[in-house]
$ cat target.txt   # compact mmCIF, C-alpha atoms and all ligand atoms
# COMPACT_ATOMS: atom_id res chain seq x y z
CA MET P 711 123.17 108.33 59.95
CA LYS P 712 125.82 105.62 60.22
CA PRO P 713 126.70 104.68 63.80
CA THR P 714 130.18 105.63 64.99
CA LEU P 715 132.61 102.99 66.23
CA LEU P 716 131.82 104.02 69.82
CA GLN P 717 128.07 103.63 69.26
CA LYS P 718 128.57 100.27 67.57
CA GLY P 719 130.79 99.07 70.40
CA ILE P 720 128.29 100.06 73.09
CA GLN P 721 125.39 98.51 71.18
CA SER P 722 127.01 95.15 70.51
CA LYS P 723 128.50 94.74 74.01
CA LEU P 724 125.24 95.66 75.71
CA LEU P 725 123.09 93.43 73.48
CA ARG P 726 125.43 90.48 73.99
CA TRP P 727 125.37 90.99 77.76
CA PHE P 728 121.57 91.22 77.73
CA LYS P 729 121.19 88.00 75.75
CA LYS P 730 123.07 86.17 78.48
CA ASN P 731 121.92 88.06 81.57
CA GLY P 732 118.55 89.69 80.79
CA ARG P 733 115.87 89.13 83.40
CA ASP P 734 112.92 86.87 82.77
CA LEU P 735 110.00 89.15 83.57
CA PRO P 736 106.29 88.48 83.01
CA TRP P 737 105.73 91.54 80.80
CA ARG P 738 108.57 90.41 78.55
CA LYS P 739 106.66 87.29 77.62
CA THR P 740 103.96 89.26 75.84
CA ARG P 741 103.63 91.67 72.93
CA ASP P 742 100.21 92.79 74.15
CA PRO P 743 100.49 96.61 74.21
CA TYR P 744 97.93 96.80 77.02
CA ALA P 745 99.96 94.52 79.32
CA ILE P 746 103.15 96.40 78.44
CA TRP P 747 101.48 99.74 79.14
CA VAL P 748 100.28 98.49 82.57
CA SER P 749 103.77 97.21 83.43
CA GLU P 750 105.45 100.47 82.41
CA ILE P 751 103.05 102.54 84.51
CA MET P 752 103.63 100.26 87.52
CA LEU P 753 107.39 100.43 87.05
CA GLN P 754 107.38 104.22 87.35
CA GLN P 755 108.93 104.84 90.82
CA THR P 756 108.63 101.18 91.83
CA GLN P 757 111.09 98.28 91.78
CA VAL P 758 110.61 95.23 89.58
CA ALA P 759 110.29 92.75 92.47
CA THR P 760 107.44 94.77 93.98
CA VAL P 761 105.69 95.20 90.65
CA VAL P 762 105.60 91.51 89.55
CA PRO P 763 102.74 90.29 91.82
CA TYR P 764 100.75 93.49 91.30
CA PHE P 765 101.13 93.19 87.52
CA GLN P 766 99.86 89.61 87.58
CA LYS P 767 96.95 90.44 89.86
CA PHE P 768 96.00 93.51 87.84
CA LEU P 769 95.89 91.62 84.55
CA LYS P 770 93.92 88.82 86.12
CA THR P 771 91.36 91.32 87.44
CA PHE P 772 91.32 93.51 84.31
CA PRO P 773 92.49 91.32 81.41
CA THR P 774 91.57 93.84 78.69
CA ILE P 775 91.32 97.58 78.18
CA HIS P 776 87.58 97.13 77.85
CA GLN P 777 87.29 95.46 81.26
CA LEU P 778 89.45 98.11 82.89
CA ALA P 779 87.44 100.95 81.35
CA LYS P 780 84.14 99.42 82.45
CA SER P 781 85.25 98.88 86.07
CA ASP P 782 84.70 101.22 89.00
CA LEU P 783 87.67 103.32 90.02
CA SER P 784 87.25 101.92 93.52
CA LYS P 785 87.93 98.39 92.26
CA VAL P 786 91.02 99.60 90.38
CA LEU P 787 92.34 101.35 93.49
CA LYS P 788 91.67 98.25 95.57
CA THR P 789 93.73 96.14 93.13
CA TRP P 790 96.47 98.78 93.31
CA GLU P 791 96.40 99.00 97.13
CA GLY P 792 99.91 98.90 98.60
CA LEU P 793 101.71 99.82 95.37
CA GLY P 794 101.57 103.55 96.17
CA TYR P 795 101.50 106.58 93.88
CA TYR P 796 97.77 106.08 93.34
CA SER P 797 97.54 108.76 90.67
CA ARG P 798 99.04 106.09 88.39
CA ALA P 799 96.01 103.86 88.92
CA ARG P 800 93.61 106.75 88.37
CA ASN P 801 95.47 107.73 85.19
CA LEU P 802 95.41 104.16 83.85
CA HIS P 803 91.72 103.91 84.52
CA GLY P 804 90.98 107.34 82.97
CA ALA P 805 93.16 106.62 79.94
CA SER P 806 91.49 103.24 79.38
CA ARG P 807 88.16 105.05 78.95
CA ILE P 808 89.74 107.43 76.43
CA LEU P 809 91.17 104.45 74.54
CA LEU P 810 87.76 102.82 74.47
CA ASN P 811 86.02 105.94 73.21
CA HIS P 812 88.62 107.43 70.87
CA PHE P 813 91.14 104.72 69.91
CA ARG P 814 88.84 101.74 69.26
CA GLY P 815 89.98 100.20 72.54
CA LYS P 816 93.62 99.90 71.46
CA VAL P 817 96.89 101.32 72.77
CA PRO P 818 98.10 103.75 70.09
CA ASP P 819 101.44 103.23 68.35
CA THR P 820 102.56 106.83 67.86
CA LEU P 821 104.44 109.09 70.23
CA LYS P 822 101.92 111.90 69.80
CA ASP P 823 98.91 109.75 70.67
CA LEU P 824 100.64 108.08 73.60
CA LEU P 825 101.68 111.42 75.05
CA SER P 826 98.07 112.58 74.89
CA LEU P 827 97.12 109.97 77.52
CA SER P 828 97.31 110.79 81.22
CA GLY P 829 100.25 109.23 83.05
CA ILE P 830 102.38 108.67 79.93
CA GLY P 831 105.51 110.77 79.58
CA ARG P 832 108.15 110.51 76.87
CA SER P 833 110.11 107.68 78.50
CA THR P 834 107.04 105.52 79.16
CA ALA P 835 105.91 106.21 75.59
CA GLY P 836 109.36 105.18 74.31
CA ALA P 837 109.20 101.95 76.30
CA ILE P 838 105.72 101.11 74.95
CA LEU P 839 106.74 101.94 71.38
CA SER P 840 109.90 99.86 71.50
CA PHE P 841 108.59 96.89 73.55
CA ALA P 842 105.10 96.55 72.05
CA PHE P 843 105.58 97.90 68.53
CA HIS P 844 109.36 97.47 67.97
CA LYS P 845 109.70 101.12 66.98
CA GLU P 846 113.01 102.89 67.32
CA ALA P 847 112.08 105.08 70.27
CA PRO P 848 114.48 106.04 73.06
CA ILE P 849 113.80 105.77 76.78
CA LEU P 850 115.12 107.86 79.63
CA ASP P 851 113.96 106.25 82.86
CA GLY P 852 116.04 106.44 86.05
CA ASN P 853 118.29 103.56 84.95
CA ALA P 854 118.98 105.02 81.50
CA LYS P 855 119.67 108.45 83.01
CA ARG P 856 122.20 106.99 85.42
CA ILE P 857 124.01 104.82 82.85
CA LEU P 858 124.22 107.56 80.21
CA SER P 859 125.34 110.19 82.74
CA ARG P 860 128.16 107.86 83.80
CA LEU P 861 129.04 106.58 80.36
CA PHE P 862 129.56 110.11 79.03
CA ALA P 863 130.54 111.74 82.37
CA VAL P 864 127.76 114.30 81.97
CA SER P 865 128.55 117.32 84.12
CA GLY P 866 125.02 118.68 84.72
CA SER P 867 122.14 117.33 86.78
CA PRO P 868 119.45 115.40 84.82
CA GLU P 869 116.95 117.62 86.64
CA GLU P 870 118.13 120.50 84.47
CA ARG P 871 116.38 120.78 81.14
CA LYS P 872 119.60 121.25 79.16
CA THR P 873 121.17 118.09 80.64
CA GLU P 874 117.99 116.10 80.19
CA GLN P 875 117.90 117.05 76.51
CA LEU P 876 121.51 115.94 76.13
CA LEU P 877 120.69 112.58 77.73
CA TRP P 878 117.75 112.12 75.37
CA LYS P 879 120.15 112.71 72.47
CA PHE P 880 122.55 110.06 73.80
CA SER P 881 119.73 107.59 74.32
CA GLU P 882 118.39 108.17 70.81
CA SER P 883 121.77 108.00 69.14
CA LEU P 884 122.61 104.63 70.71
CA ILE P 885 119.56 102.65 69.58
CA PRO P 886 120.71 99.99 67.12
CA LYS P 887 118.55 99.80 63.98
CA GLY P 888 115.98 97.04 64.39
CA TYR P 889 116.96 96.29 68.01
CA SER P 890 115.29 99.00 70.05
CA ASN P 891 113.36 96.42 72.08
CA PRO P 892 116.30 94.43 73.50
CA PHE P 893 118.51 97.52 73.69
CA ASN P 894 116.09 99.48 75.87
CA GLN P 895 115.41 96.41 78.03
CA ALA P 896 119.17 95.97 78.38
CA LEU P 897 119.58 99.55 79.60
CA MET P 898 116.94 98.89 82.25
CA ASP P 899 118.56 95.63 83.37
CA LEU P 900 122.09 96.99 83.41
CA GLY P 901 120.88 99.89 85.57
CA SER P 902 119.16 97.56 88.05
CA MET P 903 121.78 94.82 88.17
CA ILE P 904 125.20 96.37 87.50
CA CYS P 905 125.18 100.15 87.21
CA THR P 906 123.31 100.60 90.49
CA PRO P 907 122.99 104.02 92.17
CA LYS P 908 125.38 103.52 95.08
CA ASP P 909 127.62 100.63 94.17
CA PRO P 910 128.21 100.21 90.43
CA GLN P 911 129.91 96.90 89.60
CA CYS P 912 132.15 98.39 86.92
CA PRO P 913 134.59 95.47 86.49
CA LYS P 914 131.59 93.25 85.61
CA CYS P 915 130.02 95.82 83.30
CA PRO P 916 130.03 95.16 79.56
CA LEU P 917 130.47 98.91 78.94
CA HIS P 918 133.47 99.62 81.16
CA ASP P 919 135.85 100.01 78.21
CA PHE P 920 133.78 102.94 76.96
CA CYS P 921 132.76 104.47 80.25
CA LYS P 922 134.14 107.90 81.13
CA GLY P 923 132.63 107.74 84.62
CA TYR P 924 134.54 104.54 85.31
CA GLY P 925 137.64 106.10 83.78
CA SER P 926 137.32 109.02 86.22
CA GLY P 927 137.65 106.58 89.14
CA LYS P 928 134.44 107.88 90.73
CA PRO P 929 131.51 106.66 88.65
CA GLU P 930 129.06 107.10 91.53
CA LYS P 931 129.47 110.88 91.40
CA TYR P 932 127.32 110.72 88.24
CA PRO P 933 124.54 111.64 87.67
CA VAL P 934 125.31 114.98 89.30
CA LYS P 935 122.80 115.54 92.09
CA GLU P 936 120.88 118.68 92.92
CA PRO P 937 121.17 119.66 96.59
CA LYS P 938 118.52 117.73 98.53
CA LYS P 939 115.47 119.73 99.54
CA LYS P 940 114.28 119.28 103.10
CA ILE P 941 110.88 117.67 103.04
CA PRO P 942 108.21 119.02 105.41
CA HIS P 943 106.98 117.11 108.42
CA ILE P 944 103.25 116.92 108.96
CA GLU P 945 101.50 115.74 112.12
CA SER P 946 97.95 114.54 112.13
CA ALA P 947 95.40 113.19 114.60
CA THR P 948 93.20 110.31 113.49
CA ALA P 949 89.98 109.03 115.00
CA VAL P 950 88.96 105.39 115.04
CA ILE P 951 85.24 105.71 115.72
CA LYS P 952 83.68 102.30 116.20
CA LYS P 953 80.02 101.60 116.79
CA GLY P 954 79.20 97.94 117.34
CA GLU P 955 80.54 96.06 114.34
CA LYS P 956 80.97 99.17 112.21
CA VAL P 957 83.64 101.82 111.91
CA LEU P 958 83.49 105.30 110.40
CA LEU P 959 85.46 105.99 107.22
CA ASN P 960 85.73 108.89 104.77
CA GLN P 961 86.52 108.79 101.09
CA ARG P 962 89.14 111.23 99.85
CA PRO P 963 88.26 113.50 96.93
CA PRO P 964 88.92 111.81 93.56
CA GLU P 965 91.88 114.02 92.61
CA GLY P 966 95.12 114.75 94.45
CA LEU P 967 97.19 112.71 96.90
CA LEU P 968 95.65 109.27 97.57
CA GLY P 969 92.56 110.44 95.64
CA GLY P 970 89.58 108.09 95.87
CA LEU P 971 91.01 106.04 98.76
CA TRP P 972 89.17 105.54 102.05
CA GLU P 973 90.56 106.60 105.42
CA PHE P 974 89.76 107.07 109.08
CA PRO P 975 88.68 110.66 109.91
CA ASN P 976 91.77 112.75 110.55
CA CYS P 977 93.01 116.31 110.73
CA ARG P 978 96.30 118.10 110.58
CA VAL P 979 97.64 119.35 113.87
CA GLY P 980 100.45 121.71 114.77
CA LEU P 981 103.74 120.20 115.88
CA LYS P 982 103.96 119.47 119.60
CA GLN P 983 100.31 120.26 120.28
CA GLY P 984 100.38 117.75 123.14
CA PRO P 985 97.11 117.52 125.09
CA ARG P 986 95.44 119.88 122.62
CA LEU P 987 95.62 117.10 120.03
CA ARG P 988 92.45 115.56 121.44
CA LEU P 989 90.57 118.86 121.44
CA GLY P 990 91.78 119.62 117.91
CA LEU P 991 90.50 116.25 116.75
CA ILE P 992 87.08 116.68 118.42
CA ASN P 993 86.70 120.15 116.86
CA ALA P 994 87.83 118.97 113.42
CA ILE P 995 85.36 116.08 113.40
CA LYS P 996 82.58 118.43 114.48
CA LYS P 997 83.50 120.93 111.74
CA GLU P 998 84.40 118.57 108.87
CA MET P 999 81.98 115.75 109.55
CA GLY P 1000 79.18 117.34 111.55
CA MET P 1001 79.30 114.93 114.45
CA ASP P 1002 80.18 114.99 118.14
CA VAL P 1003 82.70 112.51 119.45
CA GLU P 1004 84.47 111.91 122.72
CA VAL P 1005 88.12 110.85 122.73
CA LYS P 1006 88.46 107.66 124.76
CA LYS P 1007 92.04 106.58 124.46
CA PHE P 1008 95.35 107.26 122.73
CA MET P 1009 96.14 104.15 120.65
CA GLY P 1010 99.62 104.85 119.30
CA ILE P 1011 101.66 106.69 116.67
CA PHE P 1012 102.32 105.60 113.09
CA TYR P 1013 104.88 107.08 110.73
CA GLN P 1014 104.92 107.18 106.96
CA THR P 1015 107.25 108.84 104.46
CA TYR P 1016 105.78 110.06 101.20
CA SER P 1017 107.76 111.54 98.32
CA HIS P 1018 107.07 115.13 99.39
CA PHE P 1019 106.55 114.97 103.14
CA LYS P 1020 106.86 112.90 106.28
CA LEU P 1021 103.78 112.09 108.27
CA THR P 1022 103.41 111.36 111.98
CA MET P 1023 99.93 110.16 112.81
CA HIS P 1024 98.55 110.13 116.37
CA ILE P 1025 95.71 107.65 116.63
CA PHE P 1026 92.82 107.91 119.09
CA HIS P 1027 89.91 105.67 119.84
CA CYS P 1028 86.80 107.86 119.87
CA ARG P 1029 83.18 107.29 120.77
CA HIS P 1030 80.36 108.66 118.68
CA LEU P 1031 78.09 110.87 120.79
CA ASN P 1032 75.59 112.34 118.37
CA GLY P 1033 75.04 113.70 114.89
CA LYS P 1034 74.62 111.71 111.68
CA GLY P 1035 77.41 113.58 109.96
CA LYS P 1036 79.29 112.66 106.81
CA GLY P 1037 81.30 109.56 106.13
CA LYS P 1038 80.28 105.95 105.90
CA TRP P 1039 79.77 103.38 108.66
CA VAL P 1040 81.56 100.40 107.21
CA PRO P 1041 81.04 96.89 108.64
CA LEU P 1042 84.35 95.60 110.00
CA LYS P 1043 84.14 92.64 107.65
CA GLY P 1044 83.84 95.02 104.70
CA LEU P 1045 87.07 96.87 105.49
CA ARG P 1046 89.06 94.41 103.38
CA LEU P 1047 87.02 95.32 100.31
CA LEU P 1048 87.74 99.05 100.36
CA PRO P 1049 90.95 100.61 99.02
CA LEU P 1050 92.92 102.12 101.93
CA SER P 1051 96.33 103.79 101.91
CA LYS P 1052 99.18 101.95 103.64
CA ILE P 1053 98.97 103.82 106.93
CA HIS P 1054 95.17 103.49 107.19
CA ARG P 1055 95.40 99.79 106.33
CA ARG P 1056 97.81 99.47 109.27
CA ILE P 1057 95.24 101.10 111.52
CA ALA P 1058 92.57 98.71 110.26
CA ASP P 1059 94.80 95.69 110.80
CA THR P 1060 96.43 96.56 114.12
CA ILE P 1061 94.29 99.07 116.04
CA ILE P 1062 90.78 97.80 115.32
CA PRO P 1063 91.38 94.27 116.67
CA LYS P 1064 92.43 95.88 119.97
CA LEU P 1065 88.99 97.45 120.30
CA SER P 1066 86.93 94.51 121.48
CA PRO P 1067 83.27 95.26 122.34
CA LEU P 1068 84.10 94.80 126.04
CA ARG P 1069 86.92 97.30 125.95
CA GLU P 1070 84.76 99.71 124.02
CA ARG P 1071 82.22 99.66 126.87
CA ASN P 1072 84.74 99.90 129.68
CA GLN P 1073 86.94 102.65 128.34
S1 LIG P 1101 131.37 100.96 83.82
FE1 LIG P 1101 130.46 101.30 85.79
S2 LIG P 1101 129.68 103.35 85.77
FE2 LIG P 1101 130.10 102.80 83.66
S3 LIG P 1101 128.16 102.06 82.91
FE3 LIG P 1101 129.27 100.29 83.66
S4 LIG P 1101 128.64 100.03 85.81
FE4 LIG P 1101 128.02 102.07 85.12

$ encode --input "target.txt" --output "structure tokens" --more "lines below"
Ligand code: SF4
Amino acid sequence: MKPTLLQKGIQSKLLRWFKKNGRDLPWRKTRDPYAIWVSEIMLQQTQVATVVPYFQKFLKTFPTIHQLAKSDLSKVLKTWEGLGYYSRARNLHGASRILLNHFRGKVPDTLKDLLSLSGIGRSTAGAILSFAFHKEAPILDGNAKRILSRLFAVSGSPEERKTEQLLWKFSESLIPKGYSNPFNQALMDLGSMICTPKDPQCPKCPLHDFCKGYGSGKPEKYPVKEPKKKIPHIESATAVIKKGEKVLLNQRPPEGLLGGLWEFPNCRVGLKQGPRLRLGLINAIKKEMGMDVEVKKFMGIFYQTYSHFKLTMHIFHCRHLNGKGKGKWVPLKGLRLLPLSKIHRRIADTIIPKLSPLRERNQ
């Protein structure tokens, strides 16, 4: 179908702006579908500036699909440590093995095949198809959703299926023939640099002549937001159990939140349990790990916010009394080599150095 004057106007203004202002990013210097796939997975829920060093390190460690597929998940998680949303790393690793076994070690170039891989949704597939294979595939990441909602003053929330489908239609209808790659990149850059969530710079925007959101005088009211859900607050007690130059760690089950990462033994506790925290921790370690410990000292509280809950972690130095139990006694020097979540890495870096052998004996 021939593009309308509006579509043509949006396309040419956005492409011209991108040519002058587009960001110079490492994954834009390659056509390697593997590198582009890695970058798109990392960019899900994470800002460009955070992703850049991780992307470089990841490709240095796993330069090909073959090398990724042949590596241990633990090494992949270690390389991902600090980037968060670890299911992305597990999905990449799992999908690389499928690619090796069923796709001759190559990233596929069809929507159907891409969607069959874990961790790839329609927008990530569209980005891979347009950036690596120059196919005319739309994207609908957070930036595109925001720009299109504002451009067309879309009255529903993108969380609703009907509105999401409408946004997909807009995204698809705007792709200029033969220019899906720069057009989709331009949408991403405009969303990060100009059409930002809280403070859109409309006078500087190449699309302001066409933008209904800007015309309304309140562009930031788009996209329409669903009422915020209150996220639950979880409290936990964590035991740092040190024996000589070793410390006890557990590995989380491979699936689910932070799957495959290592952590200090911990248990959920009720809010405001106060002095019963210590008893709860002793009982949990006895039950879950089959070992007796004595709580020596309260070491502090750490906080962490995840996408679906807030965590308050009470940390205690404990002494092993008896029982072999589960878990692994890890040499302190080996802690750096294991993948730990952010909050457990903080414990390793800040609490453990406070437990000198002398203090261990005297406490
Ligand atoms: S004019 Fe403003 S609201 Fe509209 S797309 Fe540009 S920055 Fe976003």

$ closest_residue --input "target.txt" --among "P:Gln766, P:Gln1014, P:Asn811, P:Asn960" --to "Pro736 (chain P)" --atoms "only C-alpha atoms"
P:Gln766

$ atom_distance --input "target.txt" --atom1 "CA of Lys816 (chain P)" --atom2 "CA of Ala835 (chain P)"
14.4 Å

$ residues_around --input "target.txt" --residues "Glu936 (chain P)" --least-positions-apart "3" --cutoff "9 Å" --atoms "only C-alpha atoms" --output "number ranges by chain"
P: 867-869, 939

$ write_last_selection --input "target.txt" --atoms "C-alpha atoms" --output "short mmCIF file (atom, residue, chain, number, x, y, z; two decimals), in the coordinates of the input"
data_model
loop_
_atom_site.label_atom_id
_atom_site.label_comp_id
_atom_site.auth_asym_id
_atom_site.auth_seq_id
_atom_site.Cartn_x
_atom_site.Cartn_y
_atom_site.Cartn_z
CA SER P 867 122.14 117.33 86.78
CA PRO P 868 119.45 115.40 84.82
CA GLU P 869 116.95 117.62 86.64
CA LYS P 939 115.47 119.73 99.54
#

$ residues_near_ligand --input "target.txt" --ligand "ligand LIG 1101 (chain P)" --cutoff "10 Å" --atoms "only C-alpha atoms and all ligand atoms" --output "PyMOL selection string"
chain P and resi 853-854+856-863+897+900-901+903-907+909-933

$ atom_distance --input "target.txt" --atom1 "CA of Ile951 (chain P)" --atom2 "CA of Pro1049 (chain P)"
18.4 Å

$ closest_residue --input "target.txt" --among "P:Ser784, P:Val864, P:Leu821, P:Lys887" --to "Lys718 (chain P)" --atoms "only C-alpha atoms"
P:Lys887

$ decode --input "target.txt" --residues "region 957-985 of chain P" --atoms "N, CA and C atoms" --output "CSV table (one decimal), in the first residue's frame"
chain,number,residue,atom,x,y,z
P,957,VAL,N,33.2,-20.0,53.5
P,957,VAL,CA,31.9,-19.5,53.9
P,957,VAL,C,30.9,-20.4,53.2
P,958,LEU,N,29.7,-20.5,53.9
P,958,LEU,CA,28.7,-21.4,53.3
P,958,LEU,C,27.8,-20.7,52.4
P,959,LEU,N,27.6,-21.3,51.2
P,959,LEU,CA,26.7,-20.7,50.2
P,959,LEU,C,25.8,-21.8,49.7
P,960,ASN,N,24.6,-21.4,49.1
P,960,ASN,CA,23.7,-22.3,48.5
P,960,ASN,C,23.5,-21.9,47.1
P,961,GLN,N,23.2,-22.9,46.2
P,961,GLN,CA,22.8,-22.5,44.8
P,961,GLN,C,21.3,-22.5,44.7
P,962,ARG,N,20.7,-21.5,44.1
P,962,ARG,CA,19.3,-21.5,43.9
P,962,ARG,C,18.9,-22.5,42.8
P,963,PRO,N,17.6,-22.9,42.8
P,963,PRO,CA,17.2,-23.9,41.8
P,963,PRO,C,17.4,-23.2,40.4
P,964,PRO,N,17.6,-24.0,39.3
P,964,PRO,CA,17.9,-23.4,38.0
P,964,PRO,C,16.8,-22.5,37.5
P,965,GLU,N,15.5,-22.8,37.8
P,965,GLU,CA,14.4,-22.0,37.3
P,965,GLU,C,14.0,-20.9,38.3
P,966,GLY,N,13.2,-19.9,37.8
P,966,GLY,CA,12.6,-19.0,38.7
P,966,GLY,C,13.5,-17.8,39.0
P,967,LEU,N,13.1,-16.9,39.9
P,967,LEU,CA,13.8,-15.7,40.3
P,967,LEU,C,15.3,-16.0,40.6
P,968,LEU,N,16.2,-15.3,40.0
P,968,LEU,CA,17.7,-15.5,40.3
P,968,LEU,C,18.1,-16.9,40.2
P,969,GLY,N,17.5,-17.7,39.3
P,969,GLY,CA,17.8,-19.1,39.2
P,969,GLY,C,19.2,-19.4,38.8
P,970,GLY,N,19.8,-20.3,39.5
P,970,GLY,CA,21.2,-20.7,39.2
P,970,GLY,C,22.2,-19.9,40.0
P,971,LEU,N,21.8,-18.8,40.6
P,971,LEU,CA,22.8,-17.9,41.3
P,971,LEU,C,23.1,-18.5,42.7
P,972,TRP,N,24.2,-18.1,43.2
P,972,TRP,CA,24.6,-18.6,44.6
P,972,TRP,C,24.2,-17.5,45.6
P,973,GLU,N,23.9,-17.9,46.8
P,973,GLU,CA,23.6,-17.0,47.9
P,973,GLU,C,23.9,-17.5,49.3
P,974,PHE,N,23.9,-16.6,50.2
P,974,PHE,CA,24.1,-17.0,51.6
P,974,PHE,C,22.8,-17.6,52.1
P,975,PRO,N,22.8,-18.6,53.0
P,975,PRO,CA,21.6,-19.2,53.4
P,975,PRO,C,20.6,-18.1,54.0
P,976,ASN,N,19.4,-18.2,53.6
P,976,ASN,CA,18.4,-17.2,54.1
P,976,ASN,C,17.0,-17.8,54.2
P,977,CYS,N,16.2,-17.1,54.9
P,977,CYS,CA,14.8,-17.5,55.0
P,977,CYS,C,13.9,-16.3,55.1
P,978,ARG,N,12.7,-16.5,54.7
P,978,ARG,CA,11.7,-15.4,54.8
P,978,ARG,C,11.3,-15.3,56.3
P,979,VAL,N,11.0,-14.1,56.7
P,979,VAL,CA,10.5,-14.0,58.1
P,979,VAL,C,9.3,-13.1,58.1
P,980,GLY,N,8.5,-13.2,59.1
P,980,GLY,CA,7.3,-12.3,59.1
P,980,GLY,C,7.8,-10.8,59.4
P,981,LEU,N,7.0,-9.9,59.0
P,981,LEU,CA,7.3,-8.5,59.3
P,981,LEU,C,7.3,-8.3,60.8
P,982,LYS,N,8.3,-7.5,61.3
P,982,LYS,CA,8.4,-7.1,62.7
P,982,LYS,C,8.5,-8.3,63.6
P,983,GLN,N,9.3,-9.3,63.2
P,983,GLN,CA,9.5,-10.5,64.1
P,983,GLN,C,10.5,-10.2,65.2
P,984,GLY,N,11.2,-9.1,65.1
P,984,GLY,CA,12.1,-8.7,66.2
P,984,GLY,C,13.1,-9.8,66.6
P,985,PRO,N,13.1,-10.0,67.9
P,985,PRO,CA,14.1,-11.0,68.5
P,985,PRO,C,13.9,-12.4,67.9
